[in-house]
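First up is the structure itself, then whatever we jot down about it.
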Amino acid sequence: MNFLEQRIAKEGIVKPGNVLKVDSFLNHQMDIKLFDEIGAEFARRFEGTNINKILTIEASGIGIAAITALHFPGAKVVFAKKTKSINLDGEMFTAEVESFTHKNVNHVIVSKKFINADDHILLIDDFLANGCAMMGLIQIANQAGASIEGIGIVIEKGFQQGGQIIRNLGYKLESLAIIDAMDANTGGITFRKQ
């Protein structure tokens, strides 16, 4: 087991409906030392790429992307917003994203000021299930004409279709932990060998 799988096995809680709660260290309370290990591992896996931007989606991806950026010298973090606010101005890239967790559809937006065709982007998110959020980020990066250098996922639900869809599109997808099965009755988690 790698460092992340150990943490998931120790503190993750499996809930009915294929839900994995990791809010004690990943997406509510954040363990910054763990995030630093995650960032270092993404830097190792995407070594040799010319990444200058990390693109994620609010809210859970922001902390992970910010700490990961420290491992890519000079990289800026941009996050897609789920709601338009009065302080957003100018032209926007938009994508429609269905949330597995929240069971709703969001129109995510990124200002055209912050990504463009000169950018080499690493897409980052905490979870990959059906792939809807990541497909939205891919769509935004493509609208900008940016180069997607890779996709980094902290936890992939390998028993759902998102990872396969994205890999079939030809993107380099690196998931730090891939779960092949979860059992809400026993709390058991089966990790894919990588």
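Residues in the structure tokens are numbered from 1 in each chain, the chains being A, B, ... in the order shown, and ligands are numbered from 1 in the order shown.
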Secondary structure check, alpha helix (DSSP H) residues of region 4-130 of chain A, as a PyMOL selection string: chain A and resi 4-11+32-45+60-69
Those same residues, written as a short mmCIF file (atom, residue, chain, number, x, y, z; two decimals), in the first residue's frame with N, CA and C atoms?
data_model
loop_
_atom_site.label_atom_id
_atom_site.label_comp_id
_atom_site.auth_asym_id
_atom_site.auth_seq_id
_atom_site.Cartn_x
_atom_site.Cartn_y
_atom_site.Cartn_z
N LEU A 4 -1.06 7.05 0.51
CA LEU A 4 -2.44 7.50 0.42
C LEU A 4 -3.42 6.34 0.69
N GLU A 5 -3.14 5.19 0.11
CA GLU A 5 -3.99 4.02 0.35
C GLU A 5 -4.03 3.68 1.85
N GLN A 6 -2.89 3.79 2.51
CA GLN A 6 -2.85 3.53 3.95
C GLN A 6 -3.75 4.49 4.71
N ARG A 7 -3.72 5.75 4.31
CA ARG A 7 -4.55 6.77 4.99
C ARG A 7 -6.03 6.53 4.73
N ILE A 8 -6.37 6.17 3.49
CA ILE A 8 -7.76 5.89 3.16
C ILE A 8 -8.25 4.67 3.94
N ALA A 9 -7.44 3.62 3.99
CA ALA A 9 -7.81 2.41 4.71
C ALA A 9 -8.01 2.68 6.20
N LYS A 10 -7.19 3.57 6.75
CA LYS A 10 -7.26 3.87 8.18
C LYS A 10 -8.42 4.80 8.53
N GLU A 11 -8.65 5.85 7.73
CA GLU A 11 -9.61 6.88 8.11
C GLU A 11 -10.82 7.02 7.19
N ILE A 32 -2.25 19.13 5.49
CA ILE A 32 -1.34 19.80 4.56
C ILE A 32 -0.06 18.99 4.35
N LYS A 33 0.40 18.27 5.37
CA LYS A 33 1.56 17.40 5.16
C LYS A 33 1.24 16.32 4.13
N LEU A 34 0.04 15.74 4.22
CA LEU A 34 -0.39 14.76 3.23
C LEU A 34 -0.50 15.41 1.85
N PHE A 35 -1.06 16.63 1.79
CA PHE A 35 -1.16 17.34 0.50
C PHE A 35 0.22 17.55 -0.11
N ASP A 36 1.20 17.84 0.74
CA ASP A 36 2.56 18.02 0.25
C ASP A 36 3.11 16.71 -0.34
N GLU A 37 2.81 15.58 0.30
CA GLU A 37 3.22 14.28 -0.25
C GLU A 37 2.50 14.03 -1.58
N ILE A 38 1.22 14.40 -1.65
CA ILE A 38 0.44 14.25 -2.88
C ILE A 38 1.06 15.09 -3.99
N GLY A 39 1.39 16.34 -3.68
CA GLY A 39 2.00 17.23 -4.66
C GLY A 39 3.34 16.71 -5.15
N ALA A 40 4.15 16.19 -4.23
CA ALA A 40 5.46 15.63 -4.61
C ALA A 40 5.28 14.42 -5.52
N GLU A 41 4.26 13.60 -5.25
CA GLU A 41 4.02 12.42 -6.08
C GLU A 41 3.53 12.84 -7.47
N PHE A 42 2.66 13.84 -7.54
CA PHE A 42 2.24 14.33 -8.86
C PHE A 42 3.44 14.90 -9.63
N ALA A 43 4.34 15.61 -8.94
CA ALA A 43 5.54 16.15 -9.59
C ALA A 43 6.40 15.02 -10.13
N ARG A 44 6.51 13.94 -9.38
CA ARG A 44 7.29 12.78 -9.84
C ARG A 44 6.65 12.15 -11.06
N ARG A 45 5.34 11.99 -11.03
CA ARG A 45 4.64 11.32 -12.13
C ARG A 45 4.57 12.17 -13.40
N SER A 60 -13.20 21.38 -3.45
CA SER A 60 -12.27 20.41 -2.87
C SER A 60 -10.93 20.32 -3.58
N GLY A 61 -10.87 20.69 -4.83
CA GLY A 61 -9.61 20.60 -5.56
C GLY A 61 -8.64 21.73 -5.28
N ILE A 62 -9.13 22.83 -4.70
CA ILE A 62 -8.30 24.03 -4.58
C ILE A 62 -7.09 23.81 -3.67
N GLY A 63 -7.31 23.28 -2.49
CA GLY A 63 -6.19 23.07 -1.57
C GLY A 63 -5.14 22.13 -2.15
N ILE A 64 -5.62 21.05 -2.76
CA ILE A 64 -4.70 20.07 -3.36
C ILE A 64 -3.90 20.72 -4.48
N ALA A 65 -4.58 21.47 -5.34
CA ALA A 65 -3.90 22.14 -6.46
C ALA A 65 -2.88 23.16 -5.96
N ALA A 66 -3.25 23.91 -4.92
CA ALA A 66 -2.35 24.95 -4.40
C ALA A 66 -1.06 24.35 -3.86
N ILE A 67 -1.17 23.29 -3.06
CA ILE A 67 0.03 22.66 -2.51
C ILE A 67 0.82 21.95 -3.62
N THR A 68 0.11 21.33 -4.56
CA THR A 68 0.78 20.68 -5.69
C THR A 68 1.59 21.69 -6.49
N ALA A 69 1.07 22.89 -6.66
CA ALA A 69 1.76 23.92 -7.45
C ALA A 69 3.14 24.25 -6.88
#
If we count only C-alpha atoms and set the cut-off at 7 Å, which residues sit around Ala133 (chain A), ignoring sequence neighbours fewer than 2 positions away in its own chain? Please answer as a list in words. Val97, Glu98, Ser99, Gly131, Met135, Gly136 and Leu137 of chain A
Excluding Ala146 (chain A) and residues on its chain fewer than 2 positions from it, collect all residues at most 10 Å away from it, counting only C-alpha atoms, and give them as a ChimeraX atom specification. /A:53,115-121,138,140-144,148-149
Just the residues within 12 Å of region 167-169 of chain A, please, counting only C-alpha atoms, with nothing from its chain fewer than 4 positions along; format it as an mmCIF file with C-alpha atoms, in the first residue's frame.
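Result file is part-v9.cif:
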data_model
loop_
_atom_site.group_PDB
_atom_site.id
_atom_site.type_symbol
_atom_site.label_atom_id
_atom_site.label_comp_id
_atom_site.auth_asym_id
_atom_site.auth_seq_id
_atom_site.Cartn_x
_atom_site.Cartn_y
_atom_site.Cartn_z
ATOM 1 C CA GLY A 131 -15.689 11.803 -14.960
ATOM 2 C CA MET A 134 -12.914 16.313 -15.271
ATOM 3 C CA MET A 135 -14.654 16.369 -18.656
ATOM 4 C CA ILE A 138 -10.980 19.296 -20.264
ATOM 5 C CA ILE A 148 -3.296 19.443 -21.361
ATOM 6 C CA GLY A 150 -1.773 15.480 -17.765
ATOM 7 C CA ILE A 151 -4.519 14.801 -15.264
ATOM 8 C CA GLY A 158 -12.053 2.428 -10.601
ATOM 9 C CA GLN A 161 -16.566 4.772 -15.769
ATOM 10 C CA GLY A 162 -14.720 8.103 -15.486
ATOM 11 C CA GLY A 163 -11.149 6.825 -15.544
ATOM 12 C CA LEU A 173 -4.241 10.159 -16.230
ATOM 13 C CA GLU A 174 -2.406 9.485 -12.975
ATOM 14 C CA SER A 175 -4.517 8.462 -9.973
#
Can you work out which one of A:Ile165, A:Val108, A:Ile54, A:Ile155 has the shortest atom-to-atom distance to Phe191 (chain A), counting only C-alpha atoms?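 Of the candidates, the smallest distance to Phe191 (chain A) is held by A:Ile155.
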One decimal place gives the CA of Met1 (chain A)-CA of Gly17 (chain A) separation as 24.9 Å
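With only C-alpha atoms as the atoms that count, the residue of A:Val22, A:Asp180, A:His71, A:Lys15 with the shortest distance to Gln194 (chain A) is A:Asp180.
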